[in-house]
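Shown next: input18.txt, given as compact mmCIF, C-alpha atoms.
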# COMPACT_ATOMS: atom_id res chain seq x y z
CA MET J 97 -52.10 25.21 109.40
CA THR J 98 -53.48 28.69 110.07
CA PRO J 99 -56.63 29.60 108.12
CA GLU J 100 -56.24 32.15 105.34
CA ALA J 101 -57.93 35.52 105.06
CA ALA J 102 -61.22 35.27 103.19
CA LEU J 103 -63.71 37.64 101.62
CA ILE J 104 -67.22 37.10 103.00
CA ASP J 105 -70.37 38.34 101.31
CA LEU J 106 -72.81 39.81 103.79
CA GLN J 107 -76.55 39.47 103.23
CA ASN J 108 -77.78 42.25 100.93
CA ILE J 109 -81.40 43.37 101.02
CA HIS J 110 -82.43 46.02 98.48
CA ASP J 111 -85.48 48.09 99.35
CA GLU J 112 -86.70 50.96 97.11
CA GLY J 113 -83.19 52.11 96.23
CA SER J 114 -81.77 51.75 99.72
CA LEU J 115 -79.51 48.92 100.82
CA LEU J 116 -79.61 46.89 104.03
CA VAL J 117 -76.52 44.78 104.69
CA VAL J 118 -76.69 42.11 107.40
CA GLY J 119 -73.92 40.21 109.15
CA GLU J 120 -74.94 37.61 111.71
CA CYS J 121 -72.44 36.01 114.06
CA GLY J 122 -72.01 32.31 113.32
CA ARG J 123 -73.41 32.83 109.83
CA HIS J 124 -71.60 35.65 107.98
CA ILE J 125 -69.24 36.63 110.78
CA PRO J 126 -67.36 33.49 111.81
CA PHE J 127 -66.98 34.44 115.48
CA PRO J 128 -68.84 36.16 118.34
CA VAL J 129 -68.24 39.94 118.39
CA ARG J 130 -66.87 41.28 121.67
CA ARG J 131 -65.37 44.55 120.40
CA MET J 132 -65.63 46.86 117.42
CA PHE J 133 -63.37 49.63 116.30
CA ALA J 134 -63.47 52.06 113.41
CA VAL J 135 -60.65 53.99 111.76
CA THR J 136 -61.11 57.19 109.77
CA ALA J 137 -59.38 60.45 108.79
CA VAL J 138 -56.29 58.53 107.64
CA SER J 139 -54.15 60.41 105.10
CA PRO J 140 -54.82 59.10 101.58
CA GLY J 141 -52.21 56.57 100.56
CA GLU J 142 -50.97 56.05 104.11
CA ARG J 143 -50.44 52.39 104.93
CA ARG J 144 -51.64 51.26 108.36
CA GLY J 145 -51.74 48.02 110.28
CA HIS J 146 -48.35 46.32 109.97
CA HIS J 147 -49.06 43.62 112.51
CA ALA J 148 -50.51 40.18 113.06
CA HIS J 149 -52.44 38.74 116.00
CA ARG J 150 -51.79 35.51 117.87
CA GLN J 151 -55.42 34.80 118.82
CA LEU J 152 -57.65 37.60 117.54
CA ASN J 153 -60.15 37.14 114.71
CA GLN J 154 -61.11 40.28 112.81
CA MET J 155 -63.73 41.12 110.22
CA LEU J 156 -62.87 44.22 108.18
CA ILE J 157 -65.73 46.08 106.49
CA CYS J 158 -65.19 49.31 104.56
CA MET J 159 -68.22 51.42 105.49
CA SER J 160 -67.37 54.36 103.24
CA GLY J 161 -64.67 55.04 100.65
CA SER J 162 -62.10 52.45 99.64
CA ILE J 163 -59.30 50.49 101.32
CA ASP J 164 -56.69 48.12 99.93
CA VAL J 165 -55.79 45.37 102.39
CA VAL J 166 -52.62 43.32 102.00
CA THR J 167 -52.58 40.00 103.85
CA ASP J 168 -49.47 37.91 104.32
CA ASP J 169 -49.21 34.38 105.72
CA GLY J 170 -45.41 34.40 105.62
CA HIS J 171 -45.33 32.72 102.22
CA GLU J 172 -47.74 34.68 100.08
CA ARG J 173 -49.05 38.26 99.94
CA ARG J 174 -52.54 38.94 98.66
CA THR J 175 -54.23 42.27 98.05
CA TYR J 176 -57.96 42.77 98.54
CA ARG J 177 -59.86 45.90 97.63
CA LEU J 178 -62.65 46.73 100.05
CA ASP J 179 -64.81 49.42 98.49
CA HIS J 180 -68.33 48.53 99.58
CA LEU J 181 -69.95 47.55 102.87
CA SER J 182 -71.64 44.53 101.29
CA ARG J 183 -68.48 42.44 101.62
CA GLY J 184 -66.13 41.90 104.55
CA LEU J 185 -62.65 40.45 104.88
CA HIS J 186 -62.09 37.89 107.64
CA VAL J 187 -58.52 38.17 108.91
CA PRO J 188 -57.88 35.20 111.21
CA PRO J 189 -55.07 34.98 113.76
CA GLY J 190 -51.56 34.46 112.36
CA ILE J 191 -52.06 36.67 109.29
CA TRP J 192 -50.01 39.86 108.84
CA ALA J 193 -52.17 42.69 107.48
CA GLU J 194 -51.64 46.20 106.14
CA GLN J 195 -54.31 48.67 104.99
CA THR J 196 -54.06 51.60 102.59
CA TYR J 197 -56.85 54.19 102.77
CA GLU J 198 -57.90 55.92 99.58
CA GLY J 199 -59.40 59.15 100.92
CA PRO J 200 -59.76 60.94 104.25
CA GLY J 201 -63.50 60.15 104.35
CA THR J 202 -62.83 56.43 104.17
CA VAL J 203 -64.15 54.52 107.21
CA LEU J 204 -62.96 51.04 108.16
CA LEU J 205 -65.05 49.03 110.62
CA VAL J 206 -63.33 46.12 112.37
CA LEU J 207 -65.32 43.55 114.35
CA CYS J 208 -63.25 41.50 116.82
CA ASP J 209 -63.80 38.41 118.97
CA GLN J 210 -61.61 39.57 121.89
CA PRO J 211 -61.04 42.69 123.99
CA TYR J 212 -57.88 44.68 123.30
CA ASP J 213 -54.72 42.92 124.47
CA GLU J 214 -51.32 44.36 123.56
CA ALA J 215 -49.69 40.95 124.24
CA ASP J 216 -51.71 39.50 121.34
CA TYR J 217 -49.96 41.74 118.78
CA ILE J 218 -46.96 40.72 116.67
CA ARG J 219 -45.62 44.08 115.49
CA GLU J 220 -42.22 43.07 114.06
CA TYR J 221 -42.23 41.35 110.68
CA ASP J 222 -39.18 39.16 111.50
CA GLN J 223 -40.92 38.05 114.67
CA PHE J 224 -44.02 37.26 112.60
CA LEU J 225 -42.00 35.05 110.22
CA ALA J 226 -40.46 33.24 113.19
CA TYR J 227 -43.95 32.80 114.70
CA ARG J 228 -45.08 31.25 111.40
CA GLY J 229 -41.95 29.07 111.23
CA VAL J 230 -40.82 30.77 108.02
CA THR J 231 -37.11 31.36 107.55
CA GLY J 232 -37.08 33.31 104.24
CA LYS J 233 -38.92 36.44 103.12
CA PRO J 234 -42.10 36.06 101.07
CA THR J 235 -41.94 36.63 97.33
CA MET S 61 -89.91 50.64 133.83
CA THR S 62 -88.20 50.22 130.49
CA PRO S 63 -84.78 51.85 130.15
CA GLU S 64 -84.56 54.98 128.00
CA ALA S 65 -82.46 55.48 124.88
CA ALA S 66 -79.04 56.91 125.72
CA LEU S 67 -76.13 58.45 123.85
CA ILE S 68 -72.89 56.61 124.56
CA ASP S 69 -69.44 58.06 123.90
CA LEU S 70 -67.12 55.50 122.37
CA GLN S 71 -63.40 55.57 123.18
CA ASN S 72 -61.62 58.05 120.87
CA ILE S 73 -57.91 57.65 120.14
CA HIS S 74 -56.31 60.35 117.97
CA ASP S 75 -53.15 59.40 116.12
CA GLU S 76 -51.39 61.83 113.75
CA GLY S 77 -54.63 63.25 112.37
CA SER S 78 -56.43 59.92 112.10
CA LEU S 79 -59.09 58.75 114.49
CA LEU S 80 -59.58 55.33 116.07
CA VAL S 81 -62.95 54.79 117.74
CA VAL S 82 -63.39 51.77 120.01
CA GLY S 83 -66.53 50.14 121.37
CA GLU S 84 -66.10 47.18 123.69
CA CYS S 85 -69.01 44.95 124.69
CA GLY S 86 -69.79 45.27 128.38
CA ARG S 87 -68.00 48.62 128.49
CA HIS S 88 -69.25 51.00 125.77
CA ILE S 89 -71.76 48.64 124.18
CA PRO S 90 -74.11 47.47 126.95
CA PHE S 91 -74.74 44.01 125.47
CA PRO S 92 -73.00 41.18 123.58
CA VAL S 93 -73.14 41.68 119.79
CA ARG S 94 -74.66 38.78 117.87
CA ARG S 95 -75.63 40.59 114.69
CA MET S 96 -74.81 43.80 112.83
CA PHE S 97 -76.58 45.51 110.02
CA ALA S 98 -75.90 48.63 108.02
CA VAL S 99 -78.27 50.83 106.05
CA THR S 100 -77.22 53.14 103.22
CA ALA S 101 -78.45 54.72 99.97
CA VAL S 102 -81.60 55.97 101.69
CA SER S 103 -83.25 58.96 99.96
CA PRO S 104 -82.36 62.19 101.80
CA GLY S 105 -85.14 63.19 104.16
CA GLU S 106 -86.79 59.78 104.06
CA ARG S 107 -87.86 58.58 107.50
CA ARG S 108 -87.15 54.92 108.27
CA GLY S 109 -87.62 52.62 111.21
CA HIS S 110 -91.13 53.13 112.59
CA HIS S 111 -91.03 50.20 114.96
CA ALA S 112 -90.05 49.07 118.41
CA HIS S 113 -88.63 45.76 119.63
CA ARG S 114 -89.87 43.60 122.48
CA GLN S 115 -86.46 42.14 123.44
CA LEU S 116 -83.79 43.49 121.09
CA ASN S 117 -81.08 45.91 122.20
CA GLN S 118 -79.56 48.06 119.46
CA MET S 119 -76.61 50.41 119.26
CA LEU S 120 -76.87 52.91 116.40
CA ILE S 121 -73.65 54.46 115.09
CA CYS S 122 -73.60 56.82 112.11
CA MET S 123 -70.45 55.79 110.22
CA SER S 124 -70.69 58.48 107.55
CA GLY S 125 -73.02 61.43 106.96
CA SER S 126 -75.75 62.42 109.38
CA ILE S 127 -78.92 60.86 110.79
CA ASP S 128 -81.66 62.24 113.03
CA VAL S 129 -83.12 59.59 115.32
CA VAL S 130 -86.45 60.09 117.06
CA THR S 131 -87.08 57.87 120.07
CA ASP S 132 -90.45 57.52 121.75
CA ASP S 133 -91.28 55.74 125.00
CA GLY S 134 -95.04 56.29 124.59
CA HIS S 135 -94.94 59.43 126.71
CA GLU S 136 -92.11 61.52 125.31
CA ARG S 137 -90.38 61.94 121.96
CA ARG S 138 -86.70 62.85 121.83
CA THR S 139 -84.57 63.67 118.80
CA TYR S 140 -80.89 62.79 118.63
CA ARG S 141 -78.54 63.87 115.85
CA LEU S 142 -75.95 61.24 115.00
CA ASP S 143 -73.32 62.86 112.79
CA HIS S 144 -70.06 61.24 113.90
CA LEU S 145 -68.91 57.69 114.58
CA SER S 146 -67.44 58.67 117.95
CA ARG S 147 -70.85 58.46 119.63
CA GLY S 148 -73.55 55.79 119.51
CA LEU S 149 -77.19 55.70 120.54
CA HIS S 150 -78.35 52.76 122.62
CA VAL S 151 -81.96 51.95 121.80
CA PRO S 152 -83.19 49.40 124.35
CA PRO S 153 -86.26 47.19 123.93
CA GLY S 154 -89.62 48.93 124.26
CA ILE S 155 -88.55 52.17 122.55
CA TRP S 156 -90.15 53.23 119.27
CA ALA S 157 -87.53 54.67 116.89
CA GLU S 158 -87.49 56.48 113.55
CA GLN S 159 -84.46 57.60 111.56
CA THR S 160 -84.10 60.36 108.96
CA TYR S 161 -81.07 60.17 106.68
CA GLU S 162 -79.48 63.41 105.52
CA GLY S 163 -77.75 62.30 102.31
CA PRO S 164 -77.52 59.21 100.12
CA GLY S 165 -73.93 58.57 101.29
CA THR S 166 -75.04 58.36 104.92
CA VAL S 167 -74.27 54.98 106.53
CA LEU S 168 -75.97 53.76 109.70
CA LEU S 169 -74.40 50.84 111.56
CA VAL S 170 -76.63 48.96 114.00
CA LEU S 171 -75.17 46.45 116.47
CA CYS S 172 -77.73 44.01 117.94
CA ASP S 173 -77.77 41.44 120.74
CA GLN S 174 -80.10 38.98 119.00
CA PRO S 175 -80.50 37.36 115.56
CA TYR S 176 -83.32 38.66 113.36
CA ASP S 177 -86.77 37.67 114.61
CA GLU S 178 -89.87 39.13 112.96
CA ALA S 179 -91.94 38.25 116.06
CA ASP S 180 -89.82 40.69 118.10
CA TYR S 181 -91.01 43.69 116.06
CA ILE S 182 -93.88 45.99 117.03
CA ARG S 183 -94.69 47.75 113.75
CA GLU S 184 -98.02 49.43 114.57
CA TYR S 185 -97.86 52.54 116.74
CA ASP S 186 -101.19 51.82 118.45
CA GLN S 187 -99.95 48.36 119.28
CA PHE S 188 -96.77 49.94 120.69
CA LEU S 189 -98.78 52.25 122.96
CA ALA S 190 -100.82 49.28 124.18
CA TYR S 191 -97.59 47.33 124.78
CA ARG S 192 -96.31 50.26 126.87
CA GLY S 193 -99.64 50.50 128.71
CA VAL S 194 -100.24 54.01 127.36
CA THR S 195 -103.79 54.95 126.48
CA GLY S 196 -103.29 58.46 125.02
CA LYS S 197 -101.02 59.76 122.26
CA PRO S 198 -97.67 61.30 123.28
CA THR S 199 -97.34 65.06 123.30

Since I need it in another form, could you write the structure as structure tokens?
Amino acid sequence: MTPEAALIDLQNIHDEGSLLVVGECGRHIPFPVRRMFAVTAVSPGERRGHHAHRQLNQMLICMSGSIDVVTDDGHERRTYRLDHLSRGLHVPPGIWAEQTYEGPGTVLLVLCDQPYDEADYIREYDQFLAYRGVTGKPT
Amino acid sequence: MTPEAALIDLQNIHDEGSLLVVGECGRHIPFPVRRMFAVTAVSPGERRGHHAHRQLNQMLICMSGSIDVVTDDGHERRTYRLDHLSRGLHVPPGIWAEQTYEGPGTVLLVLCDQPYDEADYIREYDQFLAYRGVTGKPT
């Protein structure tokens, strides 16, 4: 059984109006970070992602603006709204994910536990369902 | 001799107007990441930081807005403007740093190679100069 995606509250420290948000590996971030990437300047409403990973763990944190993330385990689709950096979404391996960016100034940070590896991607949805052992489409 | 602070270009991948910025540990980020923190909602013009670390490596990336970072090795002060997520500032141990935020929507991401440890901080400037073996004030 593959783990599900999960929202994770980071540590929030308020100090005279400002906000410090902390994510520690092994505590808030359930893996060691070996790579980060950030995505910005995406056209509003454009849906990105459309893939799953075989091994890669990812933590998605919306640093500015707002992003809707759809996760799909082959049986069920869930939608998460990420609109503040105080909360991240852990997307474990074996979960199909798609992201919709609300404005061009939106910035998505993704922390990863592996270097980039094209062979780790599942980019075709039918192939994803086969990988998950699902024969029908999700509802 | 302690290493100096250094600007580091992250990998930039342009795709139909959008921008993907990649930082890999051991390649762009010169240390393994064990903790991240982010700071936002700081009053414009307010100067933060005012400390050095004995052991901690940090990579500062401005995810939104604009931040001026002053670094100080006890002999020389340098000012770096971080106004885009495509470039980070590596602040190694033994460097005093201060940050000025330009607007309340500015977001600073800091990647670190150690968990939080209050004993690692040098918060008094005189103590920092003594730690660096400097007797006079910097120019």

Please report as an MDAnalysis selection string which residues of chain S come no farther than 8 Å from chain J, using all atoms listed in the file.
-> chainID S and resid 77:85 92:103 123:124 145 167 175

Atomic distance CA of Pro63 (chain S) - CA of Asp128 (chain S), expressed in Å with one decimal = 20.3 Å

Give me, please, the distance in Å between CA of Thr196 (chain J) and CA of His146 (chain J), quoted to one decimal.
->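 So the two atoms, CA of Thr196 (chain J) and CA of His146 (chain J), lie 10.7 Å apart.
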
In Å, how far is it from CA of Gly141 (chain J) to CA of Arg173 (chain J)?
->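 Atom-to-atom, CA of Gly141 (chain J) and CA of Arg173 (chain J) are spaced 18.6 Å apart.
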
Which residues, written as a PyMOL selection string, have at least one atom at most 8 Å from region 184-186 of chain S, with only C-alpha atoms counted and residues fewer than 3 positions away on the same chain left out?
-> chain S and resi 110-111+189-190

Name all residues at most 9 Å from Asp180 (chain S) (count only C-alpha atoms; drop same-chain ones fewer than 2 positions away) and give them as a list in words.
-> Ala112, His113, Arg114, Gln115, Leu116, Tyr176, Asp177, Glu178 and Ile182 of chain S

Name the residues, using the chain letters and numbers of the file, that sit within 12 Å of (-87.1, 54.1, 129.6) when counting only C-alpha atoms, and give them as number ranges by chain.
-> S: 61-66, 131-138, 150-156, 192

Would you write out those residues with C-alpha atoms, as a CSV table (one decimal), in the frame of the given file?
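Now in out.csv:
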chain,number,residue,atom,x,y,z
S,61,MET,CA,-89.9,50.6,133.8
S,62,THR,CA,-88.2,50.2,130.5
S,63,PRO,CA,-84.8,51.8,130.2
S,64,GLU,CA,-84.6,55.0,128.0
S,65,ALA,CA,-82.5,55.5,124.9
S,66,ALA,CA,-79.0,56.9,125.7
S,131,THR,CA,-87.1,57.9,120.1
S,132,ASP,CA,-90.4,57.5,121.8
S,133,ASP,CA,-91.3,55.7,125.0
S,134,GLY,CA,-95.0,56.3,124.6
S,135,HIS,CA,-94.9,59.4,126.7
S,136,GLU,CA,-92.1,61.5,125.3
S,137,ARG,CA,-90.4,61.9,122.0
S,138,ARG,CA,-86.7,62.8,121.8
S,150,HIS,CA,-78.4,52.8,122.6
S,151,VAL,CA,-82.0,52.0,121.8
S,152,PRO,CA,-83.2,49.4,124.4
S,153,PRO,CA,-86.3,47.2,123.9
S,154,GLY,CA,-89.6,48.9,124.3
S,155,ILE,CA,-88.6,52.2,122.6
S,156,TRP,CA,-90.2,53.2,119.3
S,192,ARG,CA,-96.3,50.3,126.9

Could you check which of S:Pro104, S:Arg183, S:Tyr191, S:Glu158 is closest to Leu120 (chain S), using all atoms listed in the file?
->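 Among the listed residues, the smallest separation from Leu120 (chain S) belongs to S:Glu158.
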
Of the candidates S:Glu106, S:Gly193, S:Pro90, S:His144, which shows the shortest atom-to-atom distance to Met119 (chain S), using all atoms listed in the file?
->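 Result for the nearest residue to Met119 (chain S): S:Pro90.
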